[in-house]
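Raw upload-v3.cif, mmCIF, C-alpha atoms:
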data_work
#
loop_
_atom_site.label_atom_id
_atom_site.label_comp_id
_atom_site.auth_asym_id
_atom_site.auth_seq_id
_atom_site.Cartn_x
_atom_site.Cartn_y
_atom_site.Cartn_z
CA MET A 92 -26.67 27.41 -74.53
CA SER A 93 -28.76 30.47 -73.78
CA MET A 94 -28.67 32.19 -70.42
CA ALA A 95 -32.16 30.94 -69.57
CA THR A 96 -31.26 27.33 -70.36
CA MET A 97 -28.16 27.61 -68.21
CA GLU A 98 -30.21 28.96 -65.37
CA ARG A 99 -32.70 26.12 -65.66
CA ALA A 100 -29.84 23.61 -65.74
CA GLY A 101 -28.36 25.30 -62.68
CA ALA A 102 -31.64 25.15 -60.83
CA HIS A 103 -31.92 21.47 -61.63
CA VAL A 104 -28.40 20.75 -60.43
CA SER A 105 -28.96 22.67 -57.23
CA THR A 106 -31.56 20.24 -55.97
CA SER A 107 -29.70 17.11 -56.98
CA ARG A 108 -26.12 18.04 -56.16
CA LEU A 109 -26.78 19.84 -52.92
CA ASP A 110 -28.53 16.76 -51.64
CA TRP A 111 -25.37 15.35 -50.09
CA THR A 112 -26.32 13.54 -46.96
CA PRO A 113 -24.88 15.23 -43.87
CA TYR A 114 -23.05 11.97 -43.15
CA LEU A 115 -21.10 12.22 -46.41
CA ALA A 116 -20.16 15.84 -45.74
CA GLY A 117 -19.21 14.92 -42.16
CA ALA A 118 -17.09 11.98 -43.32
CA GLY A 119 -15.38 14.32 -45.80
CA ILE A 120 -14.55 16.78 -43.01
CA GLY A 121 -13.25 13.87 -40.89
CA ILE A 122 -10.95 12.69 -43.67
CA LEU A 123 -9.86 16.30 -44.28
CA SER A 124 -8.80 16.33 -40.61
CA TRP A 125 -6.40 13.45 -41.26
CA ILE A 126 -4.72 15.61 -43.91
CA ALA A 127 -4.75 18.66 -41.64
CA PHE A 128 -3.10 16.72 -38.80
CA ALA A 129 -0.67 14.58 -40.80
CA ILE A 130 0.40 16.85 -43.65
CA ALA A 131 -0.38 20.46 -42.76
CA LYS A 132 0.39 19.78 -39.05
CA ASP A 133 -2.27 22.32 -38.20
CA PRO A 134 -5.76 21.18 -37.12
CA ILE A 135 -8.77 22.83 -38.77
CA GLY A 136 -9.75 26.01 -36.90
CA VAL A 137 -11.10 29.47 -37.62
CA THR A 138 -11.12 31.98 -34.78
CA THR A 139 -7.42 31.99 -33.84
CA ALA A 140 -6.62 33.54 -37.23
CA TYR A 141 -9.69 35.77 -36.89
CA GLY A 142 -8.36 37.17 -33.62
CA ARG A 143 -5.09 38.06 -35.31
CA LEU A 144 -6.99 39.62 -38.20
CA ALA A 145 -8.84 41.76 -35.64
CA GLY A 146 -5.46 43.13 -34.53
CA GLU A 147 -4.78 44.37 -38.04
CA VAL A 148 -8.19 46.05 -38.28
CA ALA A 149 -7.66 47.58 -34.83
CA ILE A 150 -4.55 49.53 -35.93
CA PRO A 151 -6.45 52.42 -37.62
CA LEU A 152 -9.17 52.31 -34.93
CA LEU A 153 -7.08 52.19 -31.77
CA GLY A 154 -3.68 53.29 -33.03
CA ALA A 155 -0.61 51.21 -33.84
CA GLU A 156 0.80 51.84 -30.36
CA THR A 157 -2.15 50.24 -28.56
CA VAL A 158 -2.07 47.19 -30.82
CA ALA A 159 1.71 46.80 -30.62
CA THR A 160 1.69 46.83 -26.81
CA ASN A 161 -1.38 44.63 -26.36
CA THR A 162 -0.52 41.33 -24.65
CA TYR A 163 -2.87 39.25 -26.81
CA TRP A 164 -1.76 40.64 -30.15
CA LYS A 165 1.91 40.54 -29.12
CA ALA A 166 1.50 36.77 -28.69
CA ALA A 167 -0.64 36.48 -31.85
CA PRO A 168 0.54 39.09 -34.37
CA PHE A 169 -1.09 39.45 -37.76
CA ALA A 170 0.52 37.84 -40.79
CA ILE A 171 -0.82 36.48 -44.04
CA ASP A 172 0.09 32.95 -43.07
CA TYR A 173 -1.44 29.47 -42.98
CA GLY A 174 -4.30 30.35 -40.62
CA VAL A 175 -5.38 33.47 -42.50
CA LEU A 176 -5.06 31.84 -45.92
CA PHE A 177 -7.15 28.97 -44.57
CA LEU A 178 -10.00 31.47 -44.04
CA VAL A 179 -9.59 32.69 -47.63
CA GLY A 180 -9.72 29.04 -48.72
CA ILE A 181 -13.00 28.45 -46.87
CA MET A 182 -14.60 31.31 -48.79
CA LEU A 183 -13.16 30.15 -52.13
CA GLY A 184 -14.40 26.60 -51.62
CA ALA A 185 -17.87 27.62 -50.52
CA PHE A 186 -18.09 30.10 -53.42
CA VAL A 187 -17.12 27.51 -56.04
CA SER A 188 -19.48 24.96 -54.51
CA ALA A 189 -22.33 27.48 -54.56
CA ILE A 190 -21.67 28.51 -58.16
CA VAL A 191 -21.26 24.95 -59.43
CA SER A 192 -24.48 23.85 -57.74
CA GLY A 193 -26.31 26.99 -58.86
CA THR A 194 -27.22 27.87 -55.29
CA PHE A 195 -25.40 31.22 -55.01
CA LYS A 196 -28.04 33.65 -53.83
CA ILE A 197 -27.92 37.11 -52.26
CA GLU A 198 -29.64 36.73 -48.90
CA LEU A 199 -30.40 39.73 -46.68
CA VAL A 200 -32.78 38.04 -44.26
CA PRO A 201 -32.93 34.22 -43.98
CA ASP A 202 -36.29 32.50 -44.53
CA ILE A 203 -36.58 31.26 -40.96
CA TRP A 204 -36.01 34.79 -39.66
CA LYS A 205 -38.67 36.18 -42.04
CA ALA A 206 -41.17 33.53 -40.95
CA GLU A 207 -40.54 33.65 -37.21
CA ILE A 208 -39.11 37.05 -36.32
CA GLY A 209 -39.59 39.65 -39.01
CA THR A 210 -38.66 40.91 -42.44
CA SER A 211 -36.69 44.00 -41.37
CA VAL A 212 -33.25 43.94 -42.97
CA TRP A 213 -31.76 46.40 -40.46
CA LYS A 214 -33.06 44.44 -37.50
CA ARG A 215 -31.51 41.25 -38.91
CA PHE A 216 -28.24 43.08 -39.58
CA ALA A 217 -28.19 44.48 -36.03
CA TYR A 218 -28.74 41.01 -34.56
CA ALA A 219 -26.12 39.49 -36.88
CA PHE A 220 -23.54 42.12 -35.87
CA PHE A 221 -24.24 41.77 -32.16
CA GLY A 222 -24.26 37.97 -32.48
CA GLY A 223 -20.92 38.18 -34.27
CA VAL A 224 -19.42 40.28 -31.48
CA ILE A 225 -20.38 37.86 -28.74
CA ILE A 226 -19.73 34.62 -30.64
CA MET A 227 -16.18 35.82 -31.28
CA TYR A 228 -15.66 36.93 -27.69
CA GLY A 229 -16.91 33.56 -26.51
CA ALA A 230 -14.73 31.68 -28.99
CA ARG A 231 -11.59 33.52 -27.92
CA LEU A 232 -12.42 33.09 -24.22
CA ALA A 233 -12.97 29.36 -24.73
CA GLY A 234 -9.91 29.06 -26.96
CA GLY A 235 -11.73 27.89 -30.07
CA CYS A 236 -14.99 27.63 -31.97
CA THR A 237 -17.16 24.89 -33.48
CA SER A 238 -14.26 24.04 -35.80
CA GLY A 239 -11.22 24.26 -33.53
CA HIS A 240 -12.93 22.97 -30.40
CA GLY A 241 -15.97 21.20 -31.81
CA ILE A 242 -14.43 19.19 -34.62
CA SER A 243 -10.63 19.27 -34.21
CA GLY A 244 -10.77 19.12 -30.42
CA GLY A 245 -13.72 16.75 -30.26
CA LEU A 246 -11.99 14.23 -32.52
CA GLN A 247 -8.93 14.30 -30.23
CA LEU A 248 -11.20 13.51 -27.28
CA ALA A 249 -9.97 16.72 -25.63
CA VAL A 250 -11.66 17.41 -22.28
CA SER A 251 -11.83 21.16 -23.00
CA SER A 252 -13.53 20.57 -26.35
CA TRP A 253 -16.22 18.20 -25.09
CA LEU A 254 -16.95 20.65 -22.28
CA PHE A 255 -17.21 23.37 -24.95
CA LEU A 256 -19.62 21.29 -27.06
CA ALA A 257 -21.88 20.43 -24.13
CA VAL A 258 -22.13 23.98 -22.76
CA MET A 259 -22.43 25.59 -26.20
CA PHE A 260 -25.36 23.39 -27.20
CA ALA A 261 -27.05 23.89 -23.84
CA THR A 262 -27.00 27.70 -23.93
CA GLY A 263 -27.82 27.63 -27.64
CA LEU A 264 -31.00 25.67 -26.92
CA VAL A 265 -32.05 28.19 -24.26
CA ALA A 266 -31.20 31.21 -26.43
CA SER A 267 -33.11 29.68 -29.34
CA ALA A 268 -36.18 29.05 -27.18
CA VAL A 269 -36.12 32.71 -26.11
CA LEU A 270 -35.45 34.15 -29.58
CA PHE A 271 -38.05 32.00 -31.34
CA ARG A 272 -40.66 32.00 -28.59
CA LYS A 273 -44.17 32.01 -29.92
CA LYS A 274 -46.17 35.11 -29.19
CA ILE A 275 -49.26 34.26 -27.19
CA MET B 65 6.76 35.77 -43.46
CA SER B 66 8.92 32.88 -44.62
CA ASP B 67 5.89 30.61 -44.21
CA PHE B 68 4.03 32.76 -46.70
CA PHE B 69 6.66 32.13 -49.34
CA ALA B 70 6.89 28.42 -48.65
CA PRO B 71 4.58 27.24 -51.43
CA GLY B 72 3.49 24.05 -49.74
CA SER B 73 2.12 25.80 -46.72
CA ALA B 74 0.19 28.54 -48.53
CA VAL B 75 -1.14 26.12 -51.11
CA LEU B 76 -2.13 23.63 -48.41
CA ALA B 77 -3.93 26.34 -46.47
CA LEU B 78 -5.95 27.33 -49.51
CA LEU B 79 -6.66 23.74 -50.57
CA ILE B 80 -7.66 22.40 -47.17
CA GLY B 81 -9.62 25.59 -46.49
CA ALA B 82 -11.41 25.31 -49.83
CA ALA B 83 -12.25 21.66 -49.26
CA PHE B 84 -13.58 22.55 -45.80
CA GLY B 85 -15.67 25.43 -47.19
CA ALA B 86 -17.09 23.26 -49.97
CA LEU B 87 -17.92 20.43 -47.54
CA LEU B 88 -19.67 22.85 -45.18
CA HIS B 89 -21.73 24.08 -48.12
CA ARG B 90 -22.52 20.57 -49.40
CA GLY B 91 -23.48 19.56 -45.88
CA ARG B 92 -25.94 22.51 -45.92
CA VAL B 93 -24.55 23.96 -42.67
CA THR B 94 -23.79 27.23 -44.48
CA SER B 95 -27.56 27.80 -44.30
CA CYS B 96 -28.73 29.94 -41.41
CA ASN B 97 -32.07 28.09 -41.53
CA VAL B 98 -30.40 24.71 -40.98
CA ILE B 99 -28.37 26.00 -38.03
CA GLN B 100 -31.36 27.72 -36.38
CA ASN B 101 -33.45 24.58 -36.80
CA GLN B 102 -30.77 22.50 -35.08
CA PHE B 103 -31.15 24.61 -31.94
CA ARG B 104 -34.94 24.42 -32.34
CA LEU B 105 -34.58 20.61 -32.57
CA LYS B 106 -36.38 20.53 -35.90
CA ASP B 107 -33.40 19.56 -38.09
CA TYR B 108 -30.44 17.49 -36.91
CA THR B 109 -28.12 18.19 -39.84
CA VAL B 110 -25.55 20.08 -37.75
CA LEU B 111 -25.17 17.27 -35.22
CA LYS B 112 -25.06 14.64 -37.98
CA VAL B 113 -22.22 16.47 -39.75
CA MET B 114 -20.29 17.14 -36.54
CA LEU B 115 -20.60 13.68 -35.01
CA THR B 116 -19.65 11.94 -38.27
CA ALA B 117 -16.64 14.26 -38.68
CA ILE B 118 -15.55 13.70 -35.07
CA ILE B 119 -15.76 9.89 -35.28
CA ILE B 120 -14.25 9.40 -38.76
CA GLY B 121 -11.65 12.11 -38.15
CA GLY B 122 -10.90 10.90 -34.63
CA VAL B 123 -10.31 7.24 -35.49
CA GLY B 124 -7.97 8.25 -38.34
CA VAL B 125 -6.04 10.79 -36.27
CA MET B 126 -5.74 8.22 -33.46
CA PHE B 127 -4.06 5.76 -35.86
CA LEU B 128 -1.87 8.54 -37.29
CA ALA B 129 -0.81 9.60 -33.78
CA ASP B 130 -0.09 5.98 -32.78
CA ALA B 131 2.07 5.62 -35.89
CA ASN B 132 3.84 8.89 -35.04
CA LEU B 133 2.61 10.47 -38.26
CA ALA B 134 0.61 13.15 -36.43
CA LYS B 135 0.74 14.91 -33.08
CA TYR B 136 -2.24 15.72 -30.91
CA ALA B 137 -2.81 19.45 -30.52
CA VAL B 138 -5.17 19.57 -27.56
CA LYS B 139 -6.46 22.91 -26.31
CA ASP B 140 -5.97 23.95 -22.68
CA THR B 141 -8.61 22.91 -20.21
CA ASN B 142 -9.33 26.14 -18.33
CA LEU B 143 -12.64 25.04 -16.88
CA LEU B 144 -14.03 28.52 -16.20
CA GLY B 145 -12.76 30.08 -19.42
CA VAL B 146 -14.00 27.25 -21.64
CA ALA B 147 -17.38 26.96 -19.90
CA LEU B 148 -17.98 30.71 -19.86
CA GLY B 149 -16.72 31.14 -23.42
CA ALA B 150 -18.86 28.24 -24.67
CA ALA B 151 -21.92 29.65 -22.87
CA ILE B 152 -21.46 33.02 -24.59
CA PHE B 153 -20.68 31.25 -27.88
CA GLY B 154 -23.94 29.27 -27.84
CA VAL B 155 -25.98 32.44 -27.38
CA GLY B 156 -23.96 34.22 -30.06
CA MET B 157 -24.45 31.36 -32.49
CA VAL B 158 -28.23 31.58 -32.18
CA ILE B 159 -28.28 35.39 -32.54
CA TYR B 160 -25.80 35.38 -35.44
CA GLY B 161 -27.33 32.27 -36.99
CA TYR B 162 -23.93 30.89 -37.91
CA CYS B 163 -20.72 29.82 -36.25
CA PRO B 164 -17.50 31.59 -37.28
CA GLY B 165 -16.52 29.04 -39.96
CA THR B 166 -19.96 28.50 -41.47
CA GLY B 167 -20.52 32.28 -41.40
CA LEU B 168 -17.41 32.85 -43.51
CA ALA B 169 -18.48 30.16 -45.95
CA ALA B 170 -22.01 31.60 -46.07
CA ILE B 171 -20.66 35.03 -47.09
CA ALA B 172 -19.21 33.36 -50.17
CA THR B 173 -22.60 31.84 -51.01
CA GLY B 174 -24.25 35.29 -51.01
CA SER B 175 -25.34 35.80 -47.41
CA VAL B 176 -25.04 39.53 -46.68
CA HIS B 177 -26.15 39.22 -43.05
CA ALA B 178 -23.35 36.68 -42.54
CA LEU B 179 -20.92 39.39 -43.71
CA VAL B 180 -22.39 41.89 -41.24
CA GLY B 181 -21.90 39.32 -38.48
CA ALA B 182 -18.32 38.72 -39.62
CA LEU B 183 -17.64 42.44 -39.06
CA GLY B 184 -19.14 41.98 -35.61
CA MET B 185 -16.70 39.12 -35.07
CA ILE B 186 -13.80 41.46 -35.80
CA ALA B 187 -15.21 43.82 -33.16
CA GLY B 188 -15.53 40.88 -30.77
CA GLY B 189 -11.92 39.93 -31.41
CA ILE B 190 -10.83 43.49 -30.62
CA LEU B 191 -12.87 43.54 -27.40
CA PHE B 192 -11.32 40.26 -26.33
CA ALA B 193 -7.78 41.46 -26.98
CA LEU B 194 -8.46 44.64 -24.99
CA SER B 195 -9.77 42.62 -22.03
CA PHE B 196 -7.15 39.87 -22.34
CA ASP B 197 -4.90 40.90 -19.42
CA TRP B 198 -7.81 40.84 -16.99
CA VAL B 199 -9.27 37.63 -18.46
CA LYS B 200 -5.91 35.88 -18.30
CA ALA B 201 -5.36 36.84 -14.66
CA ASN B 202 -8.86 36.24 -13.36
CA ILE B 203 -10.58 33.65 -15.55
CA LEU B 204 -8.08 31.50 -17.41
CA THR B 205 -6.40 30.54 -14.14
CA VAL B 206 -9.55 28.97 -12.64
CA GLY B 207 -9.66 25.20 -13.06
CA ALA B 208 -6.58 25.12 -15.30
CA TYR B 209 -5.75 21.47 -15.93
CA GLY B 210 -3.70 21.89 -19.09
CA LYS B 211 -3.93 19.76 -22.22
CA ILE B 212 -5.86 16.72 -21.05
CA ARG B 213 -7.86 14.15 -23.02
CA LEU B 214 -10.85 12.09 -21.94
CA PRO B 215 -8.73 8.88 -21.89
CA ASP B 216 -6.33 10.60 -19.43
CA ILE B 217 -8.98 11.40 -16.86
CA THR B 218 -11.16 8.30 -17.25
CA GLY B 219 -8.56 5.58 -17.75
CA ILE B 220 -10.66 4.37 -20.68
CA SER B 221 -8.58 3.99 -23.85
CA SER B 222 -9.20 5.96 -27.05
CA PRO B 223 -10.45 2.95 -29.09
CA VAL B 224 -13.04 2.17 -26.41
CA TRP B 225 -14.11 5.82 -26.37
CA PHE B 226 -14.59 5.78 -30.12
CA ALA B 227 -16.45 2.46 -30.02
CA GLY B 228 -18.83 3.90 -27.44
CA LEU B 229 -19.16 7.17 -29.31
CA THR B 230 -19.95 5.32 -32.54
CA LEU B 231 -22.65 3.30 -30.83
CA VAL B 232 -24.26 6.40 -29.33
CA ALA B 233 -24.02 8.17 -32.69
CA ILE B 234 -25.68 5.30 -34.58
CA VAL B 235 -28.56 5.15 -32.10
CA PHE B 236 -28.91 8.93 -32.34
CA PHE B 237 -28.76 8.93 -36.17
CA VAL B 238 -31.47 6.25 -36.42
CA TRP B 239 -33.64 8.23 -33.99
CA ALA B 240 -33.00 11.53 -35.84
CA GLU B 241 -33.88 10.01 -39.24
CA ARG B 242 -37.15 8.66 -37.82
CA GLN B 243 -37.95 12.07 -36.33
CA GLN B 244 -37.38 13.84 -39.63
CA ASN B 245 -39.37 11.30 -41.65
CA ARG B 246 -42.44 11.63 -39.48
#
Do you think you could lay out the structure here as structure tokens?
Amino acid sequence: MSMATMERAGAHVSTSRLDWTPYLAGAGIGILSWIAFAIAKDPIGVTTAYGRLAGEVAIPLLGAETVATNTYWKAAPFAIDYGVLFLVGIMLGAFVSAIVSGTFKIELVPDIWKAEIGTSVWKRFAYAFFGGVIIMYGARLAGGCTSGHGISGGLQLAVSSWLFLAVMFATGLVASAVLFRKKI
Amino acid sequence: MSDFFAPGSAVLALLIGAAFGALLHRGRVTSCNVIQNQFRLKDYTVLKVMLTAIIIGGVGVMFLADANLAKYAVKDTNLLGVALGAAIFGVGMVIYGYCPGTGLAAIATGSVHALVGALGMIAGGILFALSFDWVKANILTVGAYGKIRLPDITGISSPVWFAGLTLVAIVFFVWAERQQNR
């Protein structure tokens, strides 16, 4: 098969195979949670491991002494363990899925951003970085993110997690209305 | 470090993580456009994925917990910390265009701006750790009720909660499908 044929085949697959209904993907994540709770004994979550990873990155920036004596990192030291490998797994799975479906694509500025806000790559990068800073701060302050609180906590009917979901969606709606406001 | 060398644990982490990443991608929530359009109320994919995962996952985990095959791992209810954190998180999610998990998955599908945001998340993690002593003393202590579940505070049992949640979800799904088909 020539390269061009493969690309055409890939393009064809991308429309058919990526058309999973959100309900099927959601059901799959739900069933995956059974395995996470019953076998791995560790509910699906992302930012706890991320916070520990930040401690490792902080060593050259702030000095080993600062990191070693920090209360948060003392309680959550960095190690290549279940939580960190789980993050590696997420990337592996998404990568394979993207390649298999032929949807892997270098994206600097998403379409919606180009259409509604602008085509500047640096502006998008600046927003993404700043957004990353505050989403992580918020996640650590709340004790979890859309995975740990939203899905794993939500499915346990945890009070903290349903509060998280309600408030997160509310401020997200307001922020979205401001960011995507139509110019008059 | 012993965990790292226990093959089951490392392999499980990679397998469950990979399945999660692939499902996020197949559910299209690794797309910044899909996430932004959820908050603009133009595309309900994110809510469809999350609600289905919560209900299917929740009913299964409830049975597993009842059969002593799984333990609940509920996060602390620090009312101020969770509310404030969630408020900041919602704003961050719109500016970043991803949540932490979907952002990671998106990097692996070729999104460079997701990678830039992931570096920002590292910076955010560092800032949080540096402010942790103050946060712990002044914020995490306000409205601290510990690990409580909705059935604990309402007296309504888990099966009834899930029955109600399923009903609400079905009504919402039907409405959302009609909206999108218009």
Point to revise | Distance query A:Leu152 at most 10 Å, only C-alpha atoms, self and fewer than 6 positions along chain excluded, as a PyMOL selection string | key: (chain A and resi 146+158) or (chain B and resi 190)
**Study point:** Residues returned when the PyMOL selection byres ((chain A and resi 123-130) around 7) runs on this file, as a ChimeraX atom specification
**Key:** /A:119-122,131-135 /B:121,124-125,133-134
Write to file, as a PDB file, keeping the file's coordinate frame, the residues of the selection just made, with C-alpha atoms.
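Saved the output as out19.pdb:
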ATOM      1  CA  GLY A 119     -15.380  14.320 -45.800  1.00  0.00           C
ATOM      2  CA  ILE A 120     -14.550  16.780 -43.010  1.00  0.00           C
ATOM      3  CA  GLY A 121     -13.250  13.870 -40.890  1.00  0.00           C
ATOM      4  CA  ILE A 122     -10.950  12.690 -43.670  1.00  0.00           C
ATOM      5  CA  ALA A 131      -0.380  20.460 -42.760  1.00  0.00           C
ATOM      6  CA  LYS A 132       0.390  19.780 -39.050  1.00  0.00           C
ATOM      7  CA  ASP A 133      -2.270  22.320 -38.200  1.00  0.00           C
ATOM      8  CA  PRO A 134      -5.760  21.180 -37.120  1.00  0.00           C
ATOM      9  CA  ILE A 135      -8.770  22.830 -38.770  1.00  0.00           C
TER      10      ILE A 135
ATOM     11  CA  GLY B 121     -11.650  12.110 -38.150  1.00  0.00           C
ATOM     12  CA  GLY B 124      -7.970   8.250 -38.340  1.00  0.00           C
ATOM     13  CA  VAL B 125      -6.040  10.790 -36.270  1.00  0.00           C
ATOM     14  CA  LEU B 133       2.610  10.470 -38.260  1.00  0.00           C
ATOM     15  CA  ALA B 134       0.610  13.150 -36.430  1.00  0.00           C
TER      16      ALA B 134
END
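Each of B:Ala74, B:Asn142, B:Tyr136, B:Thr116 was compared to B:Ala201 using all atoms listed in the file, and B:Asn142 turns out to be the nearest.
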Point to revise | Explicit residue set for the PyMOL selection byres ((chain A and resi 226-241) around 7), as number ranges by chain | key: A: 135-138, 222-225, 242-245, 252, 255-256; B: 145-147, 149-150, 152-153, 156-157, 163, 165, 185, 188-189, 192
Point to revise | Counting all atoms listed in the file, the option among A:Leu248, A:Val187, A:Ala149, A:Val179 closest to B:Leu194 | key: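 When distances to B:Leu194 are compared using all atoms listed in the file, the smallest one comes from A:Ala149.
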Practice item. Go through A:Trp253, A:Tyr114, A:Phe271, A:Tyr141 and flag the residue nearest A:Glu207, using only C-alpha atoms for the distances. Key: A:Phe271
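Distance-wise, atom CA of B:Val232 and atom CA of B:Met114 end up 13.5 Å apart.
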Practice item. Record the distance separating atom CA of B:Trp225 and atom CA of A:Gly117, expressed in Å with one decimal. Key: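 One can read the atom CA of B:Trp225 to atom CA of A:Gly117 distance as 18.9 Å.
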Revision key, fill the gap. What separates atom CA of B:Phe127 and atom CA of B:Ala240 is a distance of 29.5 Å
Let me know the centre plus edge lengths, in Å and rounded to one decimal, of a box with edges along x, y and z that contains all listed atoms of stretch 167-177 of chain B and is padded by 3 Å on every side, as lines of an AutoDock Vina configuration file.
center_x = -21.8
center_y = 34.8
center_z = -46.2
size_x = 14.7
size_y = 15.4
size_z = 15.6
Study note, to complete from the structure: Restricting to all atoms listed in the file, whichever of A:Arg272, A:Arg143, A:Lys196, A:Lys165 is closest to chain B is A:Lys196
Point to revise | Explicit residues for the PyMOL selection byres ((chain A and resi 215) around 12) (as JSON, numbers by chain) | key: {"A": [198, 199, 200, 201, 202, 203, 204, 205, 207, 208, 209, 210, 211, 212, 213, 214, 216, 217, 218, 219, 220, 221, 222, 223], "B": [96, 159, 160, 161, 175, 176, 177, 178, 179, 180, 181]}
Next, dump the selected residues to file, keeping only C-alpha atoms, as a short mmCIF file (atom, residue, chain, number, x, y, z; two decimals), keeping the file's coordinate frame.
data_model
loop_
_atom_site.label_atom_id
_atom_site.label_comp_id
_atom_site.auth_asym_id
_atom_site.auth_seq_id
_atom_site.Cartn_x
_atom_site.Cartn_y
_atom_site.Cartn_z
CA GLU A 198 -29.64 36.73 -48.90
CA LEU A 199 -30.40 39.73 -46.68
CA VAL A 200 -32.78 38.04 -44.26
CA PRO A 201 -32.93 34.22 -43.98
CA ASP A 202 -36.29 32.50 -44.53
CA ILE A 203 -36.58 31.26 -40.96
CA TRP A 204 -36.01 34.79 -39.66
CA LYS A 205 -38.67 36.18 -42.04
CA GLU A 207 -40.54 33.65 -37.21
CA ILE A 208 -39.11 37.05 -36.32
CA GLY A 209 -39.59 39.65 -39.01
CA THR A 210 -38.66 40.91 -42.44
CA SER A 211 -36.69 44.00 -41.37
CA VAL A 212 -33.25 43.94 -42.97
CA TRP A 213 -31.76 46.40 -40.46
CA LYS A 214 -33.06 44.44 -37.50
CA PHE A 216 -28.24 43.08 -39.58
CA ALA A 217 -28.19 44.48 -36.03
CA TYR A 218 -28.74 41.01 -34.56
CA ALA A 219 -26.12 39.49 -36.88
CA PHE A 220 -23.54 42.12 -35.87
CA PHE A 221 -24.24 41.77 -32.16
CA GLY A 222 -24.26 37.97 -32.48
CA GLY A 223 -20.92 38.18 -34.27
CA CYS B 96 -28.73 29.94 -41.41
CA ILE B 159 -28.28 35.39 -32.54
CA TYR B 160 -25.80 35.38 -35.44
CA GLY B 161 -27.33 32.27 -36.99
CA SER B 175 -25.34 35.80 -47.41
CA VAL B 176 -25.04 39.53 -46.68
CA HIS B 177 -26.15 39.22 -43.05
CA ALA B 178 -23.35 36.68 -42.54
CA LEU B 179 -20.92 39.39 -43.71
CA VAL B 180 -22.39 41.89 -41.24
CA GLY B 181 -21.90 39.32 -38.48
#
Contacts of A:Thr112 within 9 Å, only C-alpha atoms, excl. fewer than 6 positions in-chain, as an mmCIF file with C-alpha atoms, in the coordinates of the input:
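Final output, saved to result-v4.cif:
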data_model
loop_
_atom_site.group_PDB
_atom_site.id
_atom_site.type_symbol
_atom_site.label_atom_id
_atom_site.label_comp_id
_atom_site.auth_asym_id
_atom_site.auth_seq_id
_atom_site.Cartn_x
_atom_site.Cartn_y
_atom_site.Cartn_z
ATOM 1 C CA ARG B 90 -22.520 20.570 -49.400
ATOM 2 C CA GLY B 91 -23.480 19.560 -45.880
ATOM 3 C CA THR B 109 -28.120 18.190 -39.840
ATOM 4 C CA VAL B 113 -22.220 16.470 -39.750
#
**Study point:** Residues near A:Phe169, cut-off 9 Å, all atoms listed in the file, skip fewer than 4 positions along chain, as JSON, numbers by chain
**Key:** {"A": [140, 142, 143, 144, 145, 146, 147, 164, 175]}
Would you save the residues of that selection, restricted to C-alpha atoms, as a PDB file, in the coordinates of the input?
ATOM      1  CA  ALA A 140      -6.620  33.540 -37.230  1.00  0.00           C
ATOM      2  CA  GLY A 142      -8.360  37.170 -33.620  1.00  0.00           C
ATOM      3  CA  ARG A 143      -5.090  38.060 -35.310  1.00  0.00           C
ATOM      4  CA  LEU A 144      -6.990  39.620 -38.200  1.00  0.00           C
ATOM      5  CA  ALA A 145      -8.840  41.760 -35.640  1.00  0.00           C
ATOM      6  CA  GLY A 146      -5.460  43.130 -34.530  1.00  0.00           C
ATOM      7  CA  GLU A 147      -4.780  44.370 -38.040  1.00  0.00           C
ATOM      8  CA  TRP A 164      -1.760  40.640 -30.150  1.00  0.00           C
ATOM      9  CA  VAL A 175      -5.380  33.470 -42.500  1.00  0.00           C
TER      10      VAL A 175
END
**Study point:** For B:Ala77: contacts at 7 Å, only C-alpha atoms, fewer than 5 positions along chain excluded, given as a ChimeraX atom specification
**Key:** /A:173,176-177,180
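If all atoms listed in the file are the atoms counted, then among B:Ser221, B:Thr166, B:Asn132, B:Thr141 the closest residue to chain A is B:Thr141.
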Check your understanding: Looking at B:Ile99, B:Leu214, B:Leu111, B:Leu144, which one is nearest to chain A, with distances taken over all atoms listed in the file?
Key ->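 Counting all atoms listed in the file, the residue closest to chain A is B:Leu214.
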Check your understanding: Which residues, protein or nucleic acid, reach to within 7 Å of (-27.9, 20.4, -42.4) in the file's coordinates when using all atoms listed in the file, and can you give that as a PyMOL selection string?
Key -> (chain A and resi 113) or (chain B and resi 91-93+98+108-110)
Within-10 Å shell of (-24.4, 27.3, -53.3) in input frame, all atoms listed in the file, as a compact mmCIF listing (two decimals) with C-alpha atoms, keeping the file's coordinate frame:
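Contents of the output file result-v4.txt:
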# COMPACT_ATOMS: atom_id res chain seq x y z
CA SER A 105 -28.96 22.67 -57.23
CA ARG A 108 -26.12 18.04 -56.16
CA LEU A 109 -26.78 19.84 -52.92
CA ALA A 185 -17.87 27.62 -50.52
CA PHE A 186 -18.09 30.10 -53.42
CA VAL A 187 -17.12 27.51 -56.04
CA SER A 188 -19.48 24.96 -54.51
CA ALA A 189 -22.33 27.48 -54.56
CA ILE A 190 -21.67 28.51 -58.16
CA VAL A 191 -21.26 24.95 -59.43
CA SER A 192 -24.48 23.85 -57.74
CA GLY A 193 -26.31 26.99 -58.86
CA THR A 194 -27.22 27.87 -55.29
CA PHE A 195 -25.40 31.22 -55.01
CA LYS A 196 -28.04 33.65 -53.83
CA ALA B 86 -17.09 23.26 -49.97
CA HIS B 89 -21.73 24.08 -48.12
CA ARG B 90 -22.52 20.57 -49.40
CA ARG B 92 -25.94 22.51 -45.92
CA THR B 94 -23.79 27.23 -44.48
CA SER B 95 -27.56 27.80 -44.30
CA ALA B 169 -18.48 30.16 -45.95
CA ALA B 170 -22.01 31.60 -46.07
CA ALA B 172 -19.21 33.36 -50.17
CA THR B 173 -22.60 31.84 -51.01
CA GLY B 174 -24.25 35.29 -51.01
